[in-house]
Amino acid sequence: MTASYLLDIAFLLAAAVVAIPIFRFAKLGVVPGFLVAGVLVGPSGLAMIDNVTDIRQLSELGVVLLLFVIGIQLKPSRLGLMRRLVFGLGTLQVVATGTLLAFGTYFLFDVSFRAAVVIGPALALSSTAFVIQLLAEQKSLTSEYGRASLSVLLLQDLAVVPLLALVPLLALPQLTIGTDIAIAIVQTVAILLLVIIGGRFLLQPILHLVARTGSSEAFTALTVLLVLGAALLTEHLGLSMAMGAFVAGLLIADSPFRHQISAEMQPFQGLLLGLFFMSMGMSLDVSHLLLQPLLTLAMVCALVGIKFVILWPLVLAFGFRTKIGAAVAIVLAQSGEFGLVLFAYAYQAELLDTVLFQQLLVVVILSMLATPALAYLARRLASARARPSPEHVQTPPRARIVLAGFGRVGRRVGQILASAGLRYVAIDDDSELVLRMRANDYPVFYGDGRRPDVLRSAGAADAELVIVTLNDFEAAESIVASLHSARPDVAILVRGRDADQCRRLHELGATLAVSENLEASLDLAREVLNSRFGAPERTEALLNRYRDDYYASLDAESEPPASN
């Protein structure tokens with residue numbers, strides 16, 4: 001039994017290893033690659049795995065972690081700055097598209113009204129993971145159409161919460177549709193209150209206590225316990241596990257520990273979420289596509305067309321140009337991963353029969369496969385005679401400078417940057433220091449700066465400059481090497497111990513390595529020379545010449561001269 005289970009996992013991993021690189025090379029995205037990998041090894045493909053039910057139960061953890069990460073990213077401050085587009089444009093898109101698709105499915109196809117209530121809003125959601133990935137590759141996230149698209153996606157992510165609450169309620173025949181929706185809304189409000197109370201008074205002190213131990217294993221265990229505990233609690237209350245994970249993410253969205261927690265969850269999320277999409281692929285019966293290919297393609301085209309026709313005028317109503325509105329409507333015209341999640345829950349709740357479930361899976365998957373072509377067309381439209389973003393397209397300004405280490409040196413650097421009007425984000429592994437500095441409004445977060453995934457979560461992936469001020473010089477070398485490997489184009493300024501280490505840091509990829517010993521020596525020498533000669537200009541010229549000779553010697557691999 002155990003050997004068979006492990007063999008199934010091995011087949012899934014092998015299929016992913018083959019399919020994912022191919023799809024990434026073809027710029028079709030990771031999600032479709034996982035789906036196709038599942039089809040290949042499942043009953044509709046090579047039939048290497050037929051135990052789909054057990055695999056699907058394990059893969060639900062991937063959905064749990066996806067909702068957890070989405071919750072972390074939905075910071076209240078971020079939503080507040082973008083509230084006009086998020087709660088205005090985003091709400092109109094979900095309500096209008098979901099309503100039209102729900103009534104269209106109910107009247108044109110032989111489905112129950114309860115099923116239609118799930119199908120319409122689920123198809124109205126777009127692929128957050130896929131679209132954001134493509135926008136990032138196009139370097140369009142901060143463009144006019146990228147920001148508008150992101151606003152709609154943020155509201156769609158929020159809409160998943162009441163939809164997840166609605167599915168089990170719709171499965172109860174004794175309740176009316178209106179009652180179901182009202183209860184779902186009440187539950188959503190209760191969840192938000194729980195987030196505010198729990199995050200402020202309970203969770204942060206616990207995270208702080210564990211962080212003080214300095215044990216990364218304990219912190220990882222607490223993070224996993226937080227996610228699974230919240231998921232099991234909401235499941236016990238009759239809601240979905242994914243909703244509990246979403247609540248856990250919201251609890252720490254504004255926490256100073258969120259970057260470290262995101263990094264801890266990243267490996268689990270990637271593997272388990274891939275397992276979920278592969279299980280969806282295994283659940284897909286390709287015969288439905290082969291029996292009626294024209295009907296299936298017509299349904300996909302109708303879905304894309306309806307979403308485009310509804311969203312385009314809505315974007316124009318918010319003051320965007322015609323081509324920008326068309327670009328936003330095109331890039332969001334597909335269905336997405338949350339549609340698959342909701343359909344899977346609805347199928348388990350017996351709101352959807354097997355045939356309808358299969359038809360919906362095919363439509364969603366094919367629409368996602370069309371996303372790269374849609375994104376290419378959207379980019380061509382949006383780049384035509386581009387202009388600066390209008391004032392109403394507000395997003396939180398992204399810090400372009402990351403400080404690794406916020407001790408005395410890092411704190412002084414941060415203060416100087418702030419006085420110059422430059423935004424930065426700092427990472428430090430001293431939780432007491434982090435909480436103390438955040439109480440004084442410093443933008444510092446808890447995390448191990450030696451870990452590339454922590455720095456990436458803090459913003460190093462798109463930063464213009466990373467400044468490493470750690471007192472642990474060996475750790476500084478590790479950070480410089482990993483950063484330069486991941487981002488050869490980013491400027492890295494680092495604090496070194498002496499000439500030998502500064503030389504090593506240069507070899508590892510540092511743009512500038514500043515010797516701590518040298519600068520301390522120069523400060524002492526400055527005081528002596530000024531008191532002896534009383535000529536500050538002569539002193540600075542002498543010290544600058546010495547400094548230049550010192551750093552020039554690093555390139556020559558020799559010690560600096562003893563005197564001038």
# chains A, B, ... in the order shown; residues from 1 in each chain; ligands from 1

call {"tool": "select_by_dssp", "arguments": {"residues": "range 282-484 of chain A", "states": "strand (DSSP E or B)", "output": "JSON, numbers by chain"}}
result
{"A": [401, 402, 403, 404, 425, 426, 427, 428, 444, 445, 446, 465, 466, 467, 468]}

call {"tool": "write_last_selection", "arguments": {"atoms": "C-alpha atoms", "output": "compact mmCIF listing (two decimals), in the first residue's frame"}}
result
# COMPACT_ATOMS: atom_id res chain seq x y z
CA ILE A 401 16.14 49.77 -1.74
CA VAL A 402 16.48 46.77 0.57
CA LEU A 403 18.62 46.82 3.72
CA ALA A 404 19.85 43.44 4.96
CA VAL A 425 12.64 48.10 3.45
CA ALA A 426 14.89 46.53 6.08
CA ILE A 427 15.23 42.91 7.24
CA ASP A 428 16.72 41.84 10.58
CA VAL A 444 11.79 46.93 9.21
CA PHE A 445 10.59 43.30 9.16
CA TYR A 446 11.69 40.15 10.93
CA LEU A 465 19.82 48.50 -4.74
CA VAL A 466 20.54 46.07 -1.89
CA ILE A 467 22.68 47.25 1.04
CA VAL A 468 24.15 44.53 3.27

call {"tool": "residues_around", "arguments": {"residues": "range 350-361 of chain A", "least_positions_apart": "4", "cutoff": "7 Å", "atoms": "only C-alpha atoms", "output": "list in words"}}
result
Ala115, Ala171, Leu284, Asp285, His288, Leu340, Phe343, Ala346 and Ile365 of chain A

call {"tool": "write_last_selection", "arguments": {"atoms": "C-alpha atoms", "output": "PDB file, in the first residue's frame"}}
result
ATOM      1  CA  ALA A 115     -25.162  25.167  -9.322  1.00  0.00           C
ATOM      2  CA  ALA A 171     -25.461  22.176  -0.431  1.00  0.00           C
ATOM      3  CA  LEU A 284     -10.095  15.591 -16.401  1.00  0.00           C
ATOM      4  CA  ASP A 285     -11.813  13.218 -18.816  1.00  0.00           C
ATOM      5  CA  HIS A 288     -15.506  15.128 -23.249  1.00  0.00           C
ATOM      6  CA  LEU A 340     -10.901  25.038 -10.373  1.00  0.00           C
ATOM      7  CA  PHE A 343     -15.646  23.661  -8.852  1.00  0.00           C
ATOM      8  CA  ALA A 346     -18.883  22.193  -5.441  1.00  0.00           C
ATOM      9  CA  ILE A 365      -8.110  24.770 -18.583  1.00  0.00           C
TER      10      ILE A 365
END

call {"tool": "closest_residue", "arguments": {"among": "A:Leu522, A:Leu85, A:Leu225, A:Ala245", "to": "Leu164 in chain A", "atoms": "only C-alpha atoms"}}
result
A:Ala245

call {"tool": "residues_around", "arguments": {"residues": "range 7-16 of chain A", "least_positions_apart": "4", "cutoff": "8 Å", "atoms": "only C-alpha atoms", "output": "PyMOL selection string"}}
result
chain A and resi 3+20+33-34+37-38+40-41+48-49+275+278

call {"tool": "write_last_selection", "arguments": {"atoms": "N, CA and C atoms", "output": "PDB file, in the first residue's frame"}}
result
ATOM      1  N   ALA A   3       4.095   1.388  -0.741  1.00  0.00           N
ATOM      2  CA  ALA A   3       4.933   1.408  -1.933  1.00  0.00           C
ATOM      3  C   ALA A   3       4.159   1.925  -3.127  1.00  0.00           C
ATOM      4  N   ILE A  20       6.844  20.816 -16.940  1.00  0.00           N
ATOM      5  CA  ILE A  20       7.015  22.207 -16.510  1.00  0.00           C
ATOM      6  C   ILE A  20       8.075  22.947 -17.326  1.00  0.00           C
ATOM      7  N   GLY A  33       1.191  23.712 -17.249  1.00  0.00           N
ATOM      8  CA  GLY A  33       2.138  22.602 -17.265  1.00  0.00           C
ATOM      9  C   GLY A  33       1.773  21.541 -16.247  1.00  0.00           C
ATOM     10  N   PHE A  34       1.418  21.964 -15.040  1.00  0.00           N
ATOM     11  CA  PHE A  34       0.972  21.010 -14.025  1.00  0.00           C
ATOM     12  C   PHE A  34      -0.304  20.289 -14.470  1.00  0.00           C
ATOM     13  N   ALA A  37       0.545  17.761 -17.085  1.00  0.00           N
ATOM     14  CA  ALA A  37       1.264  16.649 -16.465  1.00  0.00           C
ATOM     15  C   ALA A  37       0.288  15.690 -15.795  1.00  0.00           C
ATOM     16  N   GLY A  38      -0.728  16.248 -15.132  1.00  0.00           N
ATOM     17  CA  GLY A  38      -1.741  15.408 -14.509  1.00  0.00           C
ATOM     18  C   GLY A  38      -2.534  14.610 -15.519  1.00  0.00           C
ATOM     19  N   LEU A  40      -1.470  13.575 -18.395  1.00  0.00           N
ATOM     20  CA  LEU A  40      -0.605  12.541 -18.968  1.00  0.00           C
ATOM     21  C   LEU A  40      -0.545  11.285 -18.106  1.00  0.00           C
ATOM     22  N   VAL A  41      -0.428  11.463 -16.785  1.00  0.00           N
ATOM     23  CA  VAL A  41      -0.274  10.286 -15.916  1.00  0.00           C
ATOM     24  C   VAL A  41      -1.612   9.755 -15.420  1.00  0.00           C
ATOM     25  N   MET A  48      -1.058   5.838 -15.658  1.00  0.00           N
ATOM     26  CA  MET A  48      -0.043   5.397 -14.714  1.00  0.00           C
ATOM     27  C   MET A  48      -0.551   5.502 -13.278  1.00  0.00           C
ATOM     28  N   ILE A  49      -1.543   6.364 -13.065  1.00  0.00           N
ATOM     29  CA  ILE A  49      -2.132   6.556 -11.739  1.00  0.00           C
ATOM     30  C   ILE A  49      -3.647   6.496 -11.874  1.00  0.00           C
ATOM     31  N   LEU A 275       0.774  19.818  -6.921  1.00  0.00           N
ATOM     32  CA  LEU A 275       0.061  18.546  -6.759  1.00  0.00           C
ATOM     33  C   LEU A 275      -1.440  18.736  -6.958  1.00  0.00           C
ATOM     34  N   MET A 278      -2.102  19.103 -10.664  1.00  0.00           N
ATOM     35  CA  MET A 278      -1.953  17.801 -11.318  1.00  0.00           C
ATOM     36  C   MET A 278      -3.146  16.895 -11.010  1.00  0.00           C
TER      37      MET A 278
END

call {"tool": "closest_residue", "arguments": {"among": "A:Phe25, A:Leu228, A:His506, A:Leu483", "to": "Gly459 in chain A", "atoms": "only C-alpha atoms"}}
result
A:Leu483

call {"tool": "residues_around", "arguments": {"residues": "range 538-550 of chain A", "least_positions_apart": "5", "cutoff": "7 Å", "atoms": "only C-alpha atoms", "output": "VMD selection string"}}
result
chain A and resid 522 526 529 to 530 560

call {"tool": "residues_around", "arguments": {"residues": "Arg24 in chain A", "least_positions_apart": "2", "cutoff": "12 Å", "atoms": "only C-alpha atoms", "output": "ChimeraX atom specification"}}
result
/A:16-22,26-34,130,133-134,137,372

call {"tool": "select_by_dssp", "arguments": {"residues": "range 390-561 of chain A", "states": "helix (DSSP H, G or I)", "output": "CSV table (one decimal) with N, CA and C atoms, in the first residue's frame"}}
result
chain,number,residue,atom,x,y,z
A,408,ARG,N,23.2,49.0,14.2
A,408,ARG,CA,23.5,50.4,14.3
A,408,ARG,C,23.9,51.0,12.9
A,409,VAL,N,24.7,50.2,12.2
A,409,VAL,CA,25.1,50.7,10.8
A,409,VAL,C,23.9,50.8,9.9
A,410,GLY,N,23.1,49.7,9.9
A,410,GLY,CA,21.9,49.7,9.0
A,410,GLY,C,20.9,50.8,9.4
A,411,ARG,N,20.7,51.0,10.7
A,411,ARG,CA,19.8,52.0,11.1
A,411,ARG,C,20.3,53.4,10.7
A,412,ARG,N,21.6,53.7,10.8
A,412,ARG,CA,22.0,55.0,10.4
A,412,ARG,C,21.9,55.2,8.9
A,413,VAL,N,22.1,54.1,8.1
A,413,VAL,CA,21.9,54.2,6.7
A,413,VAL,C,20.5,54.5,6.3
A,414,GLY,N,19.6,53.8,7.0
A,414,GLY,CA,18.1,54.0,6.8
A,414,GLY,C,17.7,55.4,7.2
A,415,GLN,N,18.2,55.9,8.2
A,415,GLN,CA,17.9,57.3,8.6
A,415,GLN,C,18.3,58.3,7.6
A,416,ILE,N,19.5,58.1,7.0
A,416,ILE,CA,20.0,59.0,6.0
A,416,ILE,C,19.2,58.9,4.7
A,417,LEU,N,18.8,57.6,4.3
A,417,LEU,CA,18.0,57.4,3.2
A,417,LEU,C,16.6,58.1,3.4
A,418,ALA,N,16.0,58.0,4.6
A,418,ALA,CA,14.7,58.6,4.8
A,418,ALA,C,14.8,60.1,4.8
A,419,SER,N,15.9,60.7,5.3
A,419,SER,CA,16.1,62.1,5.3
A,419,SER,C,16.2,62.7,3.9
A,431,SER,N,14.1,39.9,16.7
A,431,SER,CA,12.7,40.2,16.8
A,431,SER,C,12.4,41.4,17.7
A,432,GLU,N,13.2,41.5,18.8
A,432,GLU,CA,13.0,42.6,19.8
A,432,GLU,C,13.4,43.9,19.1
A,433,LEU,N,14.5,43.9,18.4
A,433,LEU,CA,14.9,45.1,17.6
A,433,LEU,C,13.8,45.5,16.6
A,434,VAL,N,13.3,44.5,15.9
A,434,VAL,CA,12.3,44.8,14.9
A,434,VAL,C,11.0,45.4,15.5
A,435,LEU,N,10.5,44.8,16.6
A,435,LEU,CA,9.3,45.4,17.2
A,435,LEU,C,9.6,46.8,17.8
A,436,ARG,N,10.8,47.0,18.3
A,436,ARG,CA,11.1,48.3,18.9
A,436,ARG,C,11.2,49.4,17.8
A,437,MET,N,11.8,49.0,16.7
A,437,MET,CA,12.0,50.0,15.6
A,437,MET,C,10.7,50.2,14.9
A,438,ARG,N,9.8,49.2,14.7
A,438,ARG,CA,8.5,49.4,14.1
A,438,ARG,C,7.6,50.3,15.0
A,439,ALA,N,7.8,50.2,16.3
A,439,ALA,CA,7.0,51.1,17.1
A,439,ALA,C,7.4,52.6,16.9
A,452,PRO,N,17.9,33.8,0.6
A,452,PRO,CA,17.4,34.6,-0.6
A,452,PRO,C,15.9,34.7,-0.7
A,453,ASP,N,15.2,33.7,-0.2
A,453,ASP,CA,13.7,33.7,-0.3
A,453,ASP,C,13.1,34.8,0.6
A,454,VAL,N,13.8,35.0,1.7
A,454,VAL,CA,13.3,36.1,2.6
A,454,VAL,C,13.6,37.5,2.0
A,455,LEU,N,14.8,37.7,1.4
A,455,LEU,CA,15.0,38.9,0.7
A,455,LEU,C,14.1,39.1,-0.5
A,456,ARG,N,13.9,38.0,-1.2
A,456,ARG,CA,13.0,38.1,-2.3
A,456,ARG,C,11.6,38.6,-1.9
A,457,SER,N,11.1,38.0,-0.8
A,457,SER,CA,9.8,38.4,-0.3
A,457,SER,C,9.7,39.8,0.1
A,458,ALA,N,10.9,40.3,0.7
A,458,ALA,CA,11.0,41.7,1.1
A,458,ALA,C,11.1,42.7,-0.1
A,460,ALA,N,13.6,42.2,-2.8
A,460,ALA,CA,14.9,42.2,-3.5
A,460,ALA,C,14.8,41.8,-5.0
A,461,ALA,N,13.7,41.1,-5.3
A,461,ALA,CA,13.5,40.6,-6.7
A,461,ALA,C,13.4,41.7,-7.7
A,462,ASP,N,12.9,42.8,-7.2
A,462,ASP,CA,12.8,44.0,-8.2
A,462,ASP,C,13.4,45.2,-7.6
A,473,PHE,N,30.1,38.7,9.0
A,473,PHE,CA,30.7,38.9,7.7
A,473,PHE,C,30.6,37.7,6.8
A,474,GLU,N,30.6,36.5,7.4
A,474,GLU,CA,30.5,35.3,6.6
A,474,GLU,C,29.1,35.2,6.0
A,475,ALA,N,28.1,35.6,6.8
A,475,ALA,CA,26.7,35.7,6.2
A,475,ALA,C,26.6,36.7,5.1
A,476,ALA,N,27.3,37.8,5.2
A,476,ALA,CA,27.3,38.8,4.2
A,476,ALA,C,27.8,38.3,2.9
A,477,GLU,N,28.9,37.4,2.9
A,477,GLU,CA,29.4,36.8,1.7
A,477,GLU,C,28.3,35.9,1.1
A,478,SER,N,27.6,35.2,1.9
A,478,SER,CA,26.6,34.3,1.4
A,478,SER,C,25.5,35.1,0.7
A,479,ILE,N,25.1,36.2,1.3
A,479,ILE,CA,24.0,37.0,0.7
A,479,ILE,C,24.4,37.6,-0.6
A,480,VAL,N,25.7,38.1,-0.7
A,480,VAL,CA,26.1,38.7,-1.9
A,480,VAL,C,26.2,37.7,-3.0
A,481,ALA,N,26.7,36.5,-2.7
A,481,ALA,CA,26.8,35.4,-3.7
A,481,ALA,C,25.4,35.0,-4.3
A,482,SER,N,24.4,34.8,-3.4
A,482,SER,CA,23.1,34.4,-3.8
A,482,SER,C,22.4,35.5,-4.5
A,483,LEU,N,22.5,36.7,-4.1
A,483,LEU,CA,21.9,37.9,-4.7
A,483,LEU,C,22.4,38.1,-6.1
A,484,HIS,N,23.8,38.0,-6.2
A,484,HIS,CA,24.4,38.2,-7.6
A,484,HIS,C,24.0,37.1,-8.5
A,485,SER,N,23.9,35.9,-8.0
A,485,SER,CA,23.4,34.8,-8.9
A,485,SER,C,22.0,35.0,-9.4
A,486,ALA,N,21.1,35.4,-8.5
A,486,ALA,CA,19.7,35.6,-8.9
A,486,ALA,C,19.5,36.9,-9.7
A,499,ALA,N,40.5,44.4,4.0
A,499,ALA,CA,40.8,44.4,2.6
A,499,ALA,C,40.6,43.1,2.0
A,500,ASP,N,41.0,42.0,2.7
A,500,ASP,CA,40.9,40.7,2.2
A,500,ASP,C,39.4,40.3,1.9
A,501,GLN,N,38.6,40.6,2.9
A,501,GLN,CA,37.2,40.2,2.7
A,501,GLN,C,36.5,41.1,1.7
A,502,CYS,N,36.9,42.4,1.6
A,502,CYS,CA,36.3,43.3,0.6
A,502,CYS,C,36.7,42.7,-0.8
A,503,ARG,N,37.9,42.2,-0.9
A,503,ARG,CA,38.3,41.6,-2.2
A,503,ARG,C,37.4,40.4,-2.6
A,504,ARG,N,37.2,39.5,-1.6
A,504,ARG,CA,36.3,38.4,-1.8
A,504,ARG,C,34.9,38.8,-2.2
A,505,LEU,N,34.4,39.8,-1.5
A,505,LEU,CA,33.0,40.3,-1.8
A,505,LEU,C,32.9,40.8,-3.2
A,506,HIS,N,34.0,41.5,-3.7
A,506,HIS,CA,34.0,41.9,-5.1
A,506,HIS,C,33.9,40.7,-6.0
A,507,GLU,N,34.7,39.7,-5.7
A,507,GLU,CA,34.7,38.5,-6.5
A,507,GLU,C,33.3,37.8,-6.6
A,508,LEU,N,32.6,37.9,-5.4
A,508,LEU,CA,31.3,37.3,-5.3
A,508,LEU,C,30.2,38.1,-6.0
A,516,GLU,N,35.2,48.0,7.0
A,516,GLU,CA,34.8,48.6,8.4
A,516,GLU,C,36.1,49.1,9.1
A,517,ASN,N,37.1,48.3,9.0
A,517,ASN,CA,38.4,48.7,9.6
A,517,ASN,C,38.9,50.0,9.1
A,518,LEU,N,38.9,50.1,7.7
A,518,LEU,CA,39.4,51.3,7.1
A,518,LEU,C,38.6,52.6,7.6
A,519,GLU,N,37.3,52.5,7.5
A,519,GLU,CA,36.5,53.7,7.9
A,519,GLU,C,36.7,54.1,9.3
A,520,ALA,N,36.8,53.1,10.2
A,520,ALA,CA,37.1,53.4,11.6
A,520,ALA,C,38.5,54.1,11.7
A,521,SER,N,39.4,53.6,11.0
A,521,SER,CA,40.8,54.2,11.0
A,521,SER,C,40.8,55.6,10.5
A,522,LEU,N,40.0,55.8,9.4
A,522,LEU,CA,40.0,57.2,8.8
A,522,LEU,C,39.3,58.1,9.8
A,523,ASP,N,38.3,57.7,10.5
A,523,ASP,CA,37.6,58.6,11.5
A,523,ASP,C,38.6,59.0,12.6
A,524,LEU,N,39.4,58.0,13.1
A,524,LEU,CA,40.4,58.3,14.1
A,524,LEU,C,41.4,59.2,13.6
A,525,ALA,N,41.9,58.9,12.4
A,525,ALA,CA,43.0,59.8,11.8
A,525,ALA,C,42.5,61.2,11.5
A,526,ARG,N,41.2,61.3,11.2
A,526,ARG,CA,40.6,62.7,10.9
A,526,ARG,C,40.7,63.5,12.2
A,527,GLU,N,40.4,63.0,13.3
A,527,GLU,CA,40.4,63.7,14.5
A,527,GLU,C,41.8,64.1,14.9
A,528,VAL,N,42.8,63.2,14.7
A,528,VAL,CA,44.2,63.6,15.0
A,528,VAL,C,44.7,64.7,14.1
A,529,LEU,N,44.5,64.5,12.8
A,529,LEU,CA,45.0,65.5,11.8
A,529,LEU,C,44.4,66.9,12.0
A,530,ASN,N,43.0,66.9,12.3
A,530,ASN,CA,42.4,68.2,12.5
A,530,ASN,C,42.9,68.9,13.7
A,531,SER,N,43.1,68.1,14.8
A,531,SER,CA,43.6,68.8,16.0
A,531,SER,C,45.1,69.2,15.9
A,532,ARG,N,45.8,68.5,15.0
A,532,ARG,CA,47.3,68.8,14.9
A,532,ARG,C,47.5,69.9,13.9
A,533,PHE,N,46.8,69.9,12.8
A,533,PHE,CA,47.1,70.8,11.7
A,533,PHE,C,46.1,71.9,11.6
A,536,PRO,N,41.0,71.4,7.9
A,536,PRO,CA,40.1,70.3,7.5
A,536,PRO,C,40.1,70.0,6.0
A,537,GLU,N,40.3,71.0,5.1
A,537,GLU,CA,40.4,70.7,3.7
A,537,GLU,C,41.6,69.8,3.4
A,538,ARG,N,42.7,70.1,4.0
A,538,ARG,CA,43.9,69.4,3.7
A,538,ARG,C,43.8,67.9,4.2
A,539,THR,N,43.1,67.8,5.4
A,539,THR,CA,42.9,66.5,6.0
A,539,THR,C,42.0,65.7,5.1
A,540,GLU,N,40.9,66.2,4.6
A,540,GLU,CA,40.0,65.4,3.8
A,540,GLU,C,40.6,65.0,2.5
A,541,ALA,N,41.5,65.9,2.0
A,541,ALA,CA,42.1,65.5,0.7
A,541,ALA,C,43.1,64.4,1.0
A,542,LEU,N,43.8,64.4,2.1
A,542,LEU,CA,44.7,63.4,2.4
A,542,LEU,C,44.0,62.0,2.7
A,543,LEU,N,42.9,62.1,3.4
A,543,LEU,CA,42.1,60.9,3.7
A,543,LEU,C,41.5,60.3,2.4
A,544,ASN,N,41.0,61.2,1.6
A,544,ASN,CA,40.3,60.7,0.4
A,544,ASN,C,41.4,60.0,-0.5
A,545,ARG,N,42.6,60.6,-0.6
A,545,ARG,CA,43.6,60.0,-1.4
A,545,ARG,C,44.0,58.6,-0.8
A,546,TYR,N,44.1,58.5,0.5
A,546,TYR,CA,44.4,57.2,1.1
A,546,TYR,C,43.3,56.2,0.8
A,547,ARG,N,42.0,56.7,0.9
A,547,ARG,CA,40.9,55.8,0.7
A,547,ARG,C,40.9,55.3,-0.8
A,548,ASP,N,41.1,56.2,-1.7
A,548,ASP,CA,41.2,55.8,-3.1
A,548,ASP,C,42.3,54.7,-3.4
A,549,ASP,N,43.4,55.0,-2.8
A,549,ASP,CA,44.5,54.0,-2.9
A,549,ASP,C,44.2,52.7,-2.3
A,550,TYR,N,43.5,52.7,-1.2
A,550,TYR,CA,43.1,51.5,-0.5
A,550,TYR,C,42.2,50.6,-1.3
A,551,TYR,N,41.1,51.2,-1.8
A,551,TYR,CA,40.2,50.5,-2.6
A,551,TYR,C,40.7,50.1,-4.0
A,552,ALA,N,41.6,50.9,-4.5
A,552,ALA,CA,42.3,50.5,-5.8
A,552,ALA,C,43.1,49.3,-5.6
A,553,SER,N,43.7,49.2,-4.4
A,553,SER,CA,44.5,48.0,-4.2
A,553,SER,C,43.7,46.7,-4.2
A,554,LEU,N,42.4,46.8,-3.9
A,554,LEU,CA,41.6,45.6,-3.9
A,554,LEU,C,41.6,44.9,-5.3
A,555,ASP,N,41.5,45.8,-6.4
A,555,ASP,CA,41.5,45.3,-7.7
A,555,ASP,C,42.9,44.7,-8.1
A,556,ALA,N,44.0,45.3,-7.5
A,556,ALA,CA,45.3,44.9,-7.8
A,556,ALA,C,45.7,43.7,-6.9

call {"tool": "atom_distance", "arguments": {"atom1": "CA of Arg451 in chain A", "atom2": "CA of Val227 in chain A"}}
result
21.6 Å

call {"tool": "atom_distance", "arguments": {"atom1": "CA of Ala47 in chain A", "atom2": "CA of Gly274 in chain A"}}
result
19.0 Å

call {"tool": "atom_distance", "arguments": {"atom1": "CA of Ala370 in chain A", "atom2": "CA of Thr99 in chain A"}}
result
23.6 Å

call {"tool": "closest_residue", "arguments": {"among": "A:Ala463, A:Ile72, A:Leu170, A:Ala344", "to": "Pro256 in chain A", "atoms": "only C-alpha atoms"}}
result
A:Ile72

call {"tool": "closest_residue", "arguments": {"among": "A:Val494, A:Leu342, A:Gly447, A:Asp489", "to": "Pro168 in chain A", "atoms": "only C-alpha atoms"}}
result
A:Leu342

call {"tool": "residues_around", "arguments": {"residues": "range 296-313 of chain A", "least_positions_apart": "5", "cutoff": "6 Å", "atoms": "only C-alpha atoms", "output": "NGL selection string"}}
result
:A and (325-326 or 329-330 or 333-334 or 363)

call {"tool": "closest_residue", "arguments": {"among": "A:Val341, A:Ser367, A:Arg379, A:Lys139", "to": "Ser279 in chain A", "atoms": "only C-alpha atoms"}}
result
A:Val341
